[in-house]
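As provided, target_15.txt (compact mmCIF, C-alpha atoms) reads as follows.
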```
# COMPACT_ATOMS: atom_id res chain seq x y z
CA MET V 1 51.26 5.10 29.71
CA SER V 2 48.04 4.23 27.88
CA GLU V 3 45.32 1.96 29.33
CA ALA V 4 46.17 -0.60 26.63
CA ALA V 5 49.67 -0.87 28.11
CA ALA V 6 48.39 -1.18 31.68
CA PRO V 7 49.87 -4.06 33.72
CA PHE V 8 47.85 -7.15 34.56
CA PHE V 9 48.47 -6.69 38.31
CA SER V 10 48.58 -3.65 40.55
CA VAL V 11 50.37 -4.56 43.79
CA ILE V 12 49.64 -2.27 46.76
CA VAL V 13 51.97 -2.20 49.76
CA ALA V 14 50.85 0.01 52.65
CA THR V 15 53.75 0.86 54.96
CA TYR V 16 54.55 2.82 58.08
CA ASN V 17 58.06 3.43 59.44
CA TRP V 18 59.55 -0.06 59.17
CA SER V 19 61.94 0.22 56.27
CA SER V 20 63.96 -2.93 57.05
CA ALA V 21 60.81 -5.09 56.77
CA LEU V 22 59.62 -3.14 53.72
CA ALA V 23 62.85 -3.89 51.85
CA LEU V 24 62.31 -7.63 52.28
CA ALA V 25 58.64 -7.52 51.32
CA LEU V 26 59.36 -5.55 48.15
CA SER V 27 62.17 -7.98 47.28
CA SER V 28 59.67 -10.84 47.40
CA VAL V 29 57.48 -8.93 44.92
CA LEU V 30 60.38 -8.31 42.56
CA ASP V 31 61.21 -12.05 42.76
CA GLN V 32 57.85 -12.97 41.18
CA THR V 33 57.86 -15.29 38.18
CA GLU V 34 54.93 -13.22 36.83
CA PRO V 35 56.55 -9.91 35.80
CA ASP V 36 53.49 -8.03 34.50
CA PHE V 37 52.76 -5.78 37.47
CA GLU V 38 53.08 -2.28 38.84
CA LEU V 39 54.07 -1.85 42.47
CA LEU V 40 52.44 1.00 44.43
CA VAL V 41 54.14 1.61 47.79
CA ILE V 42 51.98 3.93 49.89
CA GLY V 43 53.48 5.39 53.05
CA ASP V 44 51.13 6.25 55.91
CA ALA V 45 52.95 9.56 56.53
CA CYS V 46 56.29 7.78 56.97
CA THR V 47 59.08 9.74 58.63
CA ASP V 48 61.88 7.17 58.28
CA ASP V 49 64.00 6.13 55.29
CA SER V 50 61.26 4.08 53.58
CA GLU V 51 61.36 6.29 50.47
CA ALA V 52 65.12 5.76 50.15
CA VAL V 53 64.58 1.99 50.35
CA VAL V 54 62.09 2.17 47.46
CA VAL V 55 64.30 4.43 45.34
CA ALA V 56 67.33 2.17 45.87
CA LEU V 57 65.50 -0.73 44.22
CA ASN V 58 65.66 1.24 40.95
CA ASP V 59 62.77 -0.55 39.25
CA ARG V 60 60.53 1.37 36.85
CA ARG V 61 57.50 -0.66 37.94
CA ILE V 62 57.62 0.85 41.44
CA ARG V 63 55.88 4.08 42.47
CA TRP V 64 56.28 5.69 45.91
CA VAL V 65 53.56 7.88 47.48
CA ASN V 66 53.72 9.21 51.04
CA LEU V 67 50.52 10.50 52.65
CA ASP V 68 50.51 13.91 54.32
CA SER V 69 48.74 12.67 57.46
CA ASN V 70 48.71 9.34 59.27
CA CYS V 71 45.58 7.17 58.96
CA GLY V 72 46.65 4.77 61.68
CA SER V 73 46.11 1.60 59.63
CA GLN V 74 46.20 0.23 56.12
CA TRP V 75 42.71 1.35 55.05
CA GLY V 76 43.89 4.85 54.05
CA PRO V 77 47.00 3.85 52.07
CA ASN V 78 45.06 1.01 50.42
CA ASN V 79 42.37 3.42 49.19
CA VAL V 80 45.05 5.70 47.73
CA GLY V 81 46.61 2.69 46.05
CA LEU V 82 43.22 1.72 44.58
CA SER V 83 42.79 5.22 43.16
CA LEU V 84 46.14 4.87 41.37
CA ALA V 85 45.85 1.23 40.30
CA ARG V 86 45.74 0.51 36.57
CA GLY V 87 45.97 -3.27 36.65
CA ARG V 88 43.15 -5.64 35.84
CA LEU V 89 43.71 -7.34 39.21
CA VAL V 90 44.76 -5.70 42.48
CA ALA V 91 46.91 -7.57 45.02
CA TYR V 92 48.07 -6.49 48.48
CA LEU V 93 51.17 -7.30 50.51
CA GLY V 94 51.75 -6.32 54.13
CA HIS V 95 55.07 -4.58 54.59
CA ASP V 96 56.21 -7.26 57.07
CA ASP V 97 54.94 -10.25 55.04
CA LEU V 98 56.42 -12.17 52.12
CA TRP V 99 55.23 -13.83 48.91
CA ALA V 100 56.55 -17.04 47.40
CA PRO V 101 57.92 -16.45 43.88
CA ARG V 102 54.87 -18.02 42.16
CA HIS V 103 52.22 -16.06 44.09
CA LEU V 104 51.09 -13.83 41.22
CA GLU V 105 51.53 -16.63 38.70
CA ALA V 106 49.15 -18.84 40.70
CA ALA V 107 46.66 -15.98 41.04
CA ARG V 108 46.64 -15.34 37.30
CA ARG V 109 46.18 -19.04 36.57
CA CYS V 110 43.26 -19.21 39.02
CA PHE V 111 41.65 -16.08 37.56
CA ASP V 112 41.90 -17.41 34.01
CA ALA V 113 40.31 -20.69 35.11
CA THR V 114 37.51 -19.33 37.33
CA HIS V 115 36.95 -15.68 36.34
CA ALA V 116 36.20 -15.07 40.02
CA GLU V 117 36.31 -11.41 41.08
CA VAL V 118 38.02 -12.12 44.40
CA LEU V 119 40.87 -14.60 44.88
CA ALA V 120 42.41 -15.93 48.08
CA ALA V 121 45.91 -17.37 48.14
CA GLY V 122 46.80 -19.90 50.81
CA CYS V 123 48.56 -18.15 53.68
CA LEU V 124 50.77 -19.57 56.42
CA LEU V 125 50.73 -17.39 59.55
CA TYR V 126 53.53 -17.70 62.08
CA GLY V 127 52.95 -17.36 65.80
CA PRO V 128 55.57 -15.55 67.89
CA PRO V 129 58.98 -17.27 68.10
CA THR V 130 59.04 -20.04 70.75
CA SER V 131 55.23 -20.40 70.62
CA GLY V 132 55.22 -23.11 67.94
CA LEU V 133 51.89 -21.68 66.74
CA ARG V 134 50.79 -21.69 63.12
CA ALA V 135 47.60 -20.84 61.24
CA LEU V 136 46.45 -21.51 57.69
CA THR V 137 43.95 -19.40 55.75
CA GLY V 138 42.78 -19.00 52.18
CA PHE V 139 40.95 -22.32 51.79
CA PHE V 140 37.15 -22.66 51.71
CA PRO V 141 35.15 -25.80 52.59
CA ASN V 142 33.38 -27.07 49.47
CA ASP V 143 35.10 -24.23 47.59
CA ARG V 144 32.50 -21.80 48.91
CA PHE V 145 33.51 -18.59 50.70
CA THR V 146 31.39 -17.29 53.56
CA PRO V 147 32.14 -14.32 55.86
CA LEU V 148 33.37 -16.85 58.44
CA HIS V 149 36.47 -17.60 56.33
CA PHE V 150 38.76 -14.65 57.00
CA PHE V 151 42.05 -14.39 55.14
CA PRO V 152 44.57 -11.52 55.44
CA PRO V 153 45.13 -8.78 52.83
CA SER V 154 48.49 -10.28 51.82
CA SER V 155 46.43 -13.20 50.40
CA LEU V 156 43.83 -11.01 48.71
CA ILE V 157 43.56 -10.39 44.95
CA HIS V 158 40.48 -8.77 43.39
CA THR V 159 39.34 -6.96 40.27
CA ARG V 160 39.18 -3.18 40.35
CA GLN V 161 35.47 -3.34 39.56
CA ALA V 162 34.81 -5.47 42.65
CA ALA V 163 36.51 -2.89 44.87
CA ARG V 164 34.44 -0.06 43.36
CA ARG V 165 31.18 -1.93 43.98
CA ALA V 166 32.22 -2.63 47.56
CA GLY V 167 32.95 1.05 48.17
CA GLY V 168 36.66 0.59 48.89
CA TRP V 169 38.20 0.35 52.33
CA VAL V 170 36.70 2.10 55.37
CA GLY V 171 38.29 3.20 58.64
CA PRO V 172 37.77 1.76 62.13
CA GLU V 173 35.34 4.54 63.07
CA VAL V 174 32.65 3.11 60.78
CA SER V 175 33.82 -0.49 60.40
CA ARG V 176 31.81 -3.26 62.06
CA THR V 177 34.98 -5.19 62.78
CA ALA V 178 38.70 -4.97 61.89
CA VAL V 179 39.20 -2.98 58.69
CA ASP V 180 40.59 -5.94 56.71
CA GLN V 181 37.68 -8.15 57.77
CA GLU V 182 35.27 -5.34 56.93
CA PHE V 183 36.62 -5.10 53.37
CA LEU V 184 36.04 -8.82 52.83
CA LEU V 185 32.50 -8.46 54.19
CA ARG V 186 31.86 -5.60 51.77
CA LEU V 187 33.23 -7.53 48.81
CA HIS V 188 31.03 -10.49 49.71
CA GLY V 189 27.99 -8.31 50.33
CA SER V 190 28.37 -6.67 46.92
CA GLY V 191 27.90 -10.04 45.24
CA ALA V 192 31.50 -10.73 44.25
CA ARG V 193 32.37 -14.37 43.55
CA PHE V 194 35.33 -15.78 45.52
CA ALA V 195 37.80 -18.52 44.64
CA SER V 196 40.90 -19.96 46.27
CA THR V 197 44.11 -20.44 44.33
CA GLY V 198 44.54 -23.68 46.28
CA GLU V 199 48.25 -22.95 46.76
CA VAL V 200 50.11 -21.62 49.80
CA SER V 201 52.11 -18.65 48.57
CA VAL V 202 51.93 -16.12 51.44
CA PHE V 203 54.02 -16.07 54.62
CA LYS V 204 52.65 -13.77 57.30
CA PHE V 205 54.50 -12.62 60.44
CA ASN V 206 51.62 -10.96 62.23
CA ALA V 207 52.83 -7.88 64.14
CA ALA V 208 49.65 -7.95 66.25
CA TRP V 209 50.90 -11.28 67.69
CA ARG V 210 54.34 -9.86 68.57
CA ARG V 211 54.65 -7.42 71.47
CA ASN V 212 56.36 -4.17 70.48
CA ALA V 213 57.19 -5.47 67.00
CA TYR V 214 57.32 -1.90 65.70
CA ARG V 215 59.64 -0.78 68.48
CA ARG V 216 62.03 -3.70 68.17
CA ARG V 217 61.85 -3.85 64.36
CA ASP V 218 63.35 -7.33 64.32
CA VAL V 219 63.18 -8.83 60.82
CA ALA V 220 65.19 -12.00 61.49
CA GLU V 221 62.17 -14.21 60.72
CA GLN V 222 61.44 -12.49 57.42
CA ARG V 223 65.07 -12.43 56.39
CA ALA V 224 65.47 -16.17 57.00
CA CYS V 225 62.24 -16.95 55.15
CA LEU V 226 63.20 -14.86 52.10
CA ALA V 227 66.64 -16.50 51.96
CA ALA V 228 65.05 -19.96 52.08
CA LEU V 229 62.55 -19.05 49.34
CA ARG V 230 65.36 -17.84 47.11
CA GLU V 231 67.47 -20.92 47.75
CA ASN V 232 64.71 -23.46 47.08
CA SER V 233 61.12 -22.26 47.23
CA PRO V 234 59.38 -25.68 46.86
CA ASP V 235 61.64 -27.25 49.48
CA HIS V 236 60.97 -24.41 51.92
CA LEU V 237 57.22 -24.65 51.36
CA MET V 238 57.26 -28.39 52.03
CA LYS V 239 59.25 -27.85 55.22
CA GLU V 240 56.86 -25.18 56.49
CA LEU V 241 53.73 -27.17 55.64
CA THR V 242 55.19 -30.13 57.53
CA ALA V 243 55.72 -27.83 60.53
CA ALA V 244 52.10 -26.68 60.25
CA LEU V 245 50.91 -30.31 60.23
CA ARG V 246 52.97 -30.97 63.34
CA ALA V 247 51.42 -27.89 64.95
CA ALA V 248 47.97 -29.35 64.20
CA THR V 249 48.84 -32.58 66.06
CA GLU V 250 50.18 -30.59 69.04
CA ASP V 251 47.18 -28.24 69.49
CA ARG V 252 49.25 -25.35 68.17
CA LEU V 253 47.25 -24.71 64.97
CA VAL V 254 45.21 -21.54 65.50
CA ARG V 255 41.76 -21.29 63.96
CA ILE V 256 41.14 -17.87 62.40
CA GLU V 257 37.51 -17.00 61.75
CA THR V 258 35.42 -13.87 61.49
CA PRO V 259 32.68 -13.61 64.14
CA LEU V 260 29.35 -13.96 62.38
CA ASN V 261 27.75 -11.39 64.70
CA ALA V 262 30.41 -8.70 64.26
CA GLU V 263 28.42 -5.60 65.14
CA ARG V 264 30.65 -3.38 67.25
CA GLY V 265 33.01 -0.75 65.89
CA ALA V 266 36.67 -1.57 65.42
CA THR V 267 38.21 1.50 67.08
CA ALA V 268 38.85 -0.21 70.43
CA GLY V 269 40.33 -3.30 68.80
CA ALA V 270 42.54 -1.23 66.51
CA GLY V 271 43.87 0.79 69.45
CA ARG V 272 44.55 -2.38 71.44
CA ASN V 273 46.53 -3.94 68.59
CA GLN V 274 48.48 -0.73 67.90
CA THR V 275 49.47 -0.48 71.55
CA PHE V 276 50.52 -4.14 71.77
CA LYS V 277 52.64 -4.10 68.61
CA GLY V 278 54.11 -0.68 69.48
CA SER V 279 53.19 1.13 66.26
CA HIS V 280 51.58 4.01 68.18
CA ASP V 281 52.18 5.69 71.51
CA LEU V 282 50.25 4.49 74.53
CA ALA V 283 46.98 6.32 75.08
CA ASP V 284 47.57 6.48 78.84
CA THR V 285 49.63 9.62 79.44
CA ARG V 286 49.42 9.61 83.25
CA ALA V 287 52.67 10.18 85.11
CA PRO V 288 54.18 6.92 86.37
CA MET V 289 53.68 6.12 90.05
CA VAL V 290 56.65 6.54 92.38
CA PRO V 291 56.07 4.02 95.15
CA ASP V 292 56.79 5.10 98.74
CA LYS V 293 55.13 1.89 99.87
CA THR V 294 54.57 -1.53 98.34
CA LEU V 295 52.13 -1.55 95.43
CA ARG V 296 50.44 -4.79 94.40
CA PHE V 297 49.29 -5.40 90.82
CA ASP V 298 46.80 -8.23 90.55
CA CYS V 299 46.20 -10.06 87.26
CA GLU V 300 44.10 -8.24 84.70
CA ASP V 301 42.32 -9.71 81.71
CA GLU V 302 44.24 -7.61 79.20
CA PHE V 303 45.22 -8.46 75.63
CA ALA V 304 48.58 -10.24 75.65
CA GLY V 305 49.02 -11.95 72.29
CA PHE V 306 50.14 -15.50 72.97
CA GLU V 307 52.22 -14.64 76.05
CA TRP V 308 49.48 -15.27 78.64
CA HIS V 309 46.38 -17.43 78.86
CA GLY V 310 43.08 -16.07 80.14
CA LEU V 311 42.24 -15.00 83.66
CA GLU V 312 41.43 -17.88 86.06
CA THR V 313 40.54 -18.31 89.74
CA ASP V 314 41.97 -20.98 92.03
CA ALA V 315 40.12 -22.80 94.83
CA ASP V 316 40.91 -19.98 97.29
CA GLY V 317 39.49 -17.32 94.97
CA THR V 318 42.91 -16.00 93.90
CA LEU V 319 43.05 -14.60 90.36
CA PHE V 320 45.93 -15.84 88.22
CA ARG V 321 47.11 -16.30 84.63
CA TRP V 322 49.30 -18.98 83.11
CA THR V 323 52.21 -17.94 80.94
CA GLY V 324 52.25 -19.60 77.52
CA PRO V 325 52.27 -20.81 74.86
CA CYS V 326 55.21 -18.45 74.22
CA HIS V 327 58.25 -19.05 76.38
CA HIS V 328 58.41 -15.31 77.13
CA ALA V 329 55.62 -13.31 78.78
CA SER V 330 55.70 -9.70 79.93
CA ARG V 331 53.55 -7.19 81.74
CA THR V 332 53.92 -3.41 81.88
CA LEU V 333 53.47 -1.78 85.30
CA PRO V 334 52.90 2.02 85.56
CA VAL V 335 55.77 2.52 87.99
CA GLY V 336 58.65 4.92 87.50
CA LEU V 337 62.13 3.58 88.15
CA ASP V 338 63.86 6.64 89.60
CA ARG V 339 65.16 4.87 92.70
CA PRO V 340 66.09 1.32 93.77
CA LEU V 341 63.04 -0.92 94.05
CA ASN V 342 62.19 -4.43 95.11
CA LEU V 343 60.11 -6.61 92.79
CA ARG V 344 58.16 -9.59 94.12
CA ILE V 345 56.15 -12.02 91.98
CA ARG V 346 53.73 -14.60 93.30
CA VAL V 347 54.07 -17.89 91.40
CA LEU V 348 51.24 -20.25 92.30
CA ILE V 349 52.26 -23.25 90.19
CA GLU V 350 55.05 -24.41 87.90
CA ILE V 351 53.59 -26.72 85.29
CA GLN V 352 56.59 -29.04 85.60
CA GLU V 353 58.74 -29.47 88.68
CA GLY V 354 61.99 -27.57 88.34
CA LEU V 355 60.73 -25.20 85.65
CA LEU V 356 61.24 -22.17 87.88
CA ASN V 357 64.90 -23.10 88.34
CA GLY V 358 65.53 -22.58 84.64
CA SER V 359 63.42 -19.44 84.32
CA SER V 360 64.67 -15.85 84.28
CA LEU V 361 63.44 -12.31 84.85
CA SER V 362 64.06 -9.12 82.90
CA VAL V 363 62.94 -5.53 83.41
CA ASN V 364 62.71 -3.20 80.44
CA HIS V 365 64.51 -5.86 78.38
CA ARG V 366 67.47 -5.95 80.81
CA PRO V 367 68.24 -9.23 82.64
CA VAL V 368 68.03 -8.86 86.42
CA ASP V 369 69.35 -11.10 89.16
CA SER V 370 66.58 -12.93 90.96
CA ALA V 371 65.90 -15.67 93.48
CA TRP V 372 62.84 -17.52 94.64
CA ILE V 373 61.69 -18.90 97.93
CA GLN V 374 58.95 -21.34 98.88
CA PRO V 375 56.76 -19.79 101.59
CA CYS V 376 54.81 -21.80 104.15
CA ASP V 377 51.67 -21.76 102.00
CA GLN V 378 51.39 -22.93 98.40
CA GLY V 379 53.53 -21.72 95.53
CA PHE V 380 56.66 -19.59 95.37
CA GLU V 381 57.75 -15.97 95.72
CA TRP V 382 60.18 -14.66 93.14
CA HIS V 383 62.30 -11.72 94.28
CA ALA V 384 64.49 -9.25 92.39
CA HIS V 385 66.24 -6.01 93.32
CA LEU V 386 66.12 -3.22 90.73
CA ASP V 387 68.81 -0.54 90.77
CA PRO V 388 68.41 1.90 87.86
CA THR V 389 71.61 3.83 88.61
CA HIS V 390 73.21 2.99 85.28
CA TRP V 391 70.01 2.76 83.21
CA PRO V 392 69.22 5.41 80.57
CA GLU V 393 66.43 7.84 81.44
CA ALA V 394 64.24 6.37 78.68
CA ASP V 395 64.18 3.03 80.53
CA ARG V 396 62.90 4.51 83.80
CA THR V 397 59.39 5.65 82.89
CA GLU V 398 57.69 2.27 83.38
CA LEU V 399 58.44 -1.30 84.34
CA GLN V 400 58.05 -3.96 81.68
CA VAL V 401 58.54 -7.15 83.64
CA GLY V 402 59.55 -10.10 81.46
CA ILE V 403 59.31 -13.76 82.48
CA THR V 404 61.13 -16.34 80.37
CA VAL V 405 60.70 -20.08 80.89
CA PRO V 406 62.86 -22.73 79.19
CA SER V 407 59.80 -24.62 77.90
CA THR V 408 56.03 -24.90 78.08
CA HIS V 409 54.08 -28.14 78.51
CA ARG V 410 50.59 -29.54 78.13
CA PRO V 411 49.11 -31.00 81.33
CA LEU V 412 47.78 -33.78 79.07
CA ASP V 413 51.31 -34.90 78.20
CA LEU V 414 52.42 -34.74 81.85
CA GLY V 415 49.54 -36.94 82.99
CA VAL V 416 48.09 -34.15 85.15
CA ASN V 417 44.69 -33.79 83.47
CA ASP V 418 43.22 -33.47 79.98
CA ASP V 419 44.15 -29.77 79.54
CA ARG V 420 45.69 -29.35 76.08
CA ARG V 421 47.01 -25.81 76.57
CA TRP V 422 50.75 -25.12 76.56
CA LEU V 423 51.52 -23.74 80.02
CA GLY V 424 54.52 -22.41 81.94
CA LEU V 425 54.07 -20.61 85.28
CA ALA V 426 50.82 -19.59 87.00
CA ILE V 427 51.28 -15.98 88.17
CA ALA V 428 48.94 -14.38 90.73
CA TRP V 429 50.35 -10.89 91.29
CA MET V 430 53.38 -8.63 91.12
CA GLU V 431 54.48 -6.24 93.86
CA VAL V 432 56.81 -3.25 93.62
CA GLY V 433 58.09 -1.31 96.63
CA PRO V 434 60.99 0.84 97.80
CA ALA V 435 64.21 -1.04 98.49
```
Write out the structure in this file as structure tokens.
Amino acid sequence: MSEAAAPFFSVIVATYNWSSALALALSSVLDQTEPDFELLVIGDACTDDSEAVVVALNDRRIRWVNLDSNCGSQWGPNNVGLSLARGRLVAYLGHDDLWAPRHLEAARRCFDATHAEVLAAGCLLYGPPTSGLRALTGFFPNDRFTPLHFFPPSSLIHTRQAARRAGGWVGPEVSRTAVDQEFLLRLHGSGARFASTGEVSVFKFNAAWRRNAYRRRDVAEQRACLAALRENSPDHLMKELTAALRAATEDRLVRIETPLNAERGATAGAGRNQTFKGSHDLADTRAPMVPDKTLRFDCEDEFAGFEWHGLETDADGTLFRWTGPCHHASRTLPVGLDRPLNLRIRVLIEIQEGLLNGSSLSVNHRPVDSAWIQPCDQGFEWHAHLDPTHWPEADRTELQVGITVPSTHRPLDLGVNDDRRWLGLAIAWMEVGPA
């Protein structure tokens, strides 16, 4: 096809082994009211049926490319997409995100009005289910972008020339911060002018906020959102913006900003996110411990999405963490389950009396029977017996202990103090020993 017949938009979708999410994302592209685009789907060395999903759509605007080796994040596939792009404007969509039908239409209208080289669409980010969290990006105070105002790639549209001046995408080994933040910094540093479309048209279900999203591959949220967009897009947008406003009044609206002093490399952060969302194998290959005596695991200040709050110390010097704002929190213990074991959890506080009664335990995603007692000192001890006799071998290599509470609460609302965090149970330690 000649350059004169090139499309107005080149849409790049980087993907890795999540074909069920990819199918929904691509459907939201094909639902666009602006039809003048090519769609470049770049697999990061996919080994699943992603190519078959693309072929089944049977649309001449779509091109599938699968890389020979895995880059580990979107920077590699995005650069390949840029090298193939023929459109005047380049847009990106995460393979587990969705666009509203007028996303490209709004971007074209904004470009025609502003001639800005970089556009940001309004994006609604969803916290994990049960968290009630939301975030909004893609809007700039006084209509002026600064590196503080991060917005995700699914919101990003830019000219091809702007990407060339910025030097394209770079990997975590040389990036000052996360690779998507780094690309925005490079675009800004190259002198590109930014503008916001002023319209929310992106719905993001951040895998880095959802533990083991790539292992579970649950697309219920995306499927429901796409169905609502197709039924009545304006009505769905109004409903979701109302929910975001409610989140703002309940201290559930997350502020997303780029640190102004981002100087360290992004390798550690990328590895942490990949481990949490389950897209890559754990780096720790040590054999699991087989306890012949009771092992205690104190709280650690590890990344936990929105399942746990930060590490704290009580008046006696005991380290603990609150669960919340999600109703479900989990922790992985390096203990093999090749024999019956006893699990004991120290619960220092329940944010509301009776909360522990309605709470439940799971191990490796299997519900387990449990009971709690109130010892002579403060708090509770939660006990469970683990018998792996009928568990598959794959479920015996580690213990992922899950705690589910029926609700979380703000101490402010309970009249306890002025703490506005959404809290569940305060956990001090977990112990595992032979039965």
**Asked** So which residues touch Thr332 in chain V within 10 Å, counting only C-alpha atoms, skipping near sequence neighbours fewer than 6 positions away, as a VMD selection string?
**Response** chain V and resid 363 to 364 398 to 402
**One-decimal distance in Å that lies between CA of Pro288 in chain V and CA of Ala329 in chain V** =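 The value is 21.7 Å.
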**Request:** For CA of His327 in chain V and CA of Asn212 in chain V, quote the distance in Å rounded to one decimal.
**Result:**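 CA of Asn212 in chain V lies at a distance of 16.1 Å from CA of His327 in chain V.
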**Item:** Best match for closeness to Trp99 in chain V among V:Glu257, V:Asp31, V:Asp301, V:Glu173, counting only C-alpha atoms
**Value:**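 Counting only C-alpha atoms, the residue closest to Trp99 in chain V is V:Asp31.
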**Message:** What does the structure give for the distance between CA of Ala315 in chain V and CA of His383 in chain V, in Å to one decimal?
**Reply:** 24.8 Å
Reconstruct N, CA and C atoms of range 146-162 of chain V; output as a tab-separated table (two decimals), in the coordinates of the input.
```tsv
chain	number	residue	atom	x	y	z
V	146	THR	N	32.39	-17.97	52.75
V	146	THR	CA	31.39	-17.29	53.56
V	146	THR	C	32.14	-16.29	54.43
V	147	PRO	N	31.46	-15.30	55.02
V	147	PRO	CA	32.14	-14.32	55.86
V	147	PRO	C	32.89	-14.93	57.05
V	148	LEU	N	32.64	-16.19	57.36
V	148	LEU	CA	33.37	-16.85	58.44
V	148	LEU	C	34.83	-17.06	58.08
V	149	HIS	N	35.15	-17.16	56.78
V	149	HIS	CA	36.47	-17.60	56.33
V	149	HIS	C	37.39	-16.41	56.07
V	150	PHE	N	37.86	-15.79	57.14
V	150	PHE	CA	38.76	-14.65	57.00
V	150	PHE	C	40.10	-15.08	56.41
V	151	PHE	N	40.66	-14.22	55.57
V	151	PHE	CA	42.05	-14.39	55.14
V	151	PHE	C	42.66	-13.00	55.05
V	152	PRO	N	43.96	-12.84	55.33
V	152	PRO	CA	44.57	-11.52	55.44
V	152	PRO	C	44.78	-10.85	54.09
V	153	PRO	N	44.95	-9.52	54.09
V	153	PRO	CA	45.13	-8.78	52.83
V	153	PRO	C	46.30	-9.28	51.99
V	154	SER	N	47.35	-9.79	52.61
V	154	SER	CA	48.49	-10.28	51.82
V	154	SER	C	48.11	-11.45	50.94
V	155	SER	N	46.95	-12.09	51.21
V	155	SER	CA	46.43	-13.20	50.40
V	155	SER	C	45.41	-12.74	49.38
V	156	LEU	N	44.99	-11.48	49.46
V	156	LEU	CA	43.83	-11.01	48.71
V	156	LEU	C	44.21	-10.48	47.33
V	157	ILE	N	43.48	-10.92	46.32
V	157	ILE	CA	43.56	-10.39	44.95
V	157	ILE	C	42.13	-10.17	44.47
V	158	HIS	N	41.84	-9.02	43.88
V	158	HIS	CA	40.48	-8.77	43.39
V	158	HIS	C	40.53	-7.88	42.15
V	159	THR	N	39.44	-7.86	41.42
V	159	THR	CA	39.34	-6.96	40.27
V	159	THR	C	39.09	-5.54	40.77
V	160	ARG	N	39.45	-4.57	39.96
V	160	ARG	CA	39.18	-3.18	40.35
V	160	ARG	C	37.69	-2.92	40.43
V	161	GLN	N	36.91	-3.54	39.55
V	161	GLN	CA	35.47	-3.34	39.56
V	161	GLN	C	34.85	-3.82	40.87
V	162	ALA	N	35.34	-4.94	41.40
V	162	ALA	CA	34.81	-5.47	42.65
V	162	ALA	C	35.04	-4.49	43.79
```
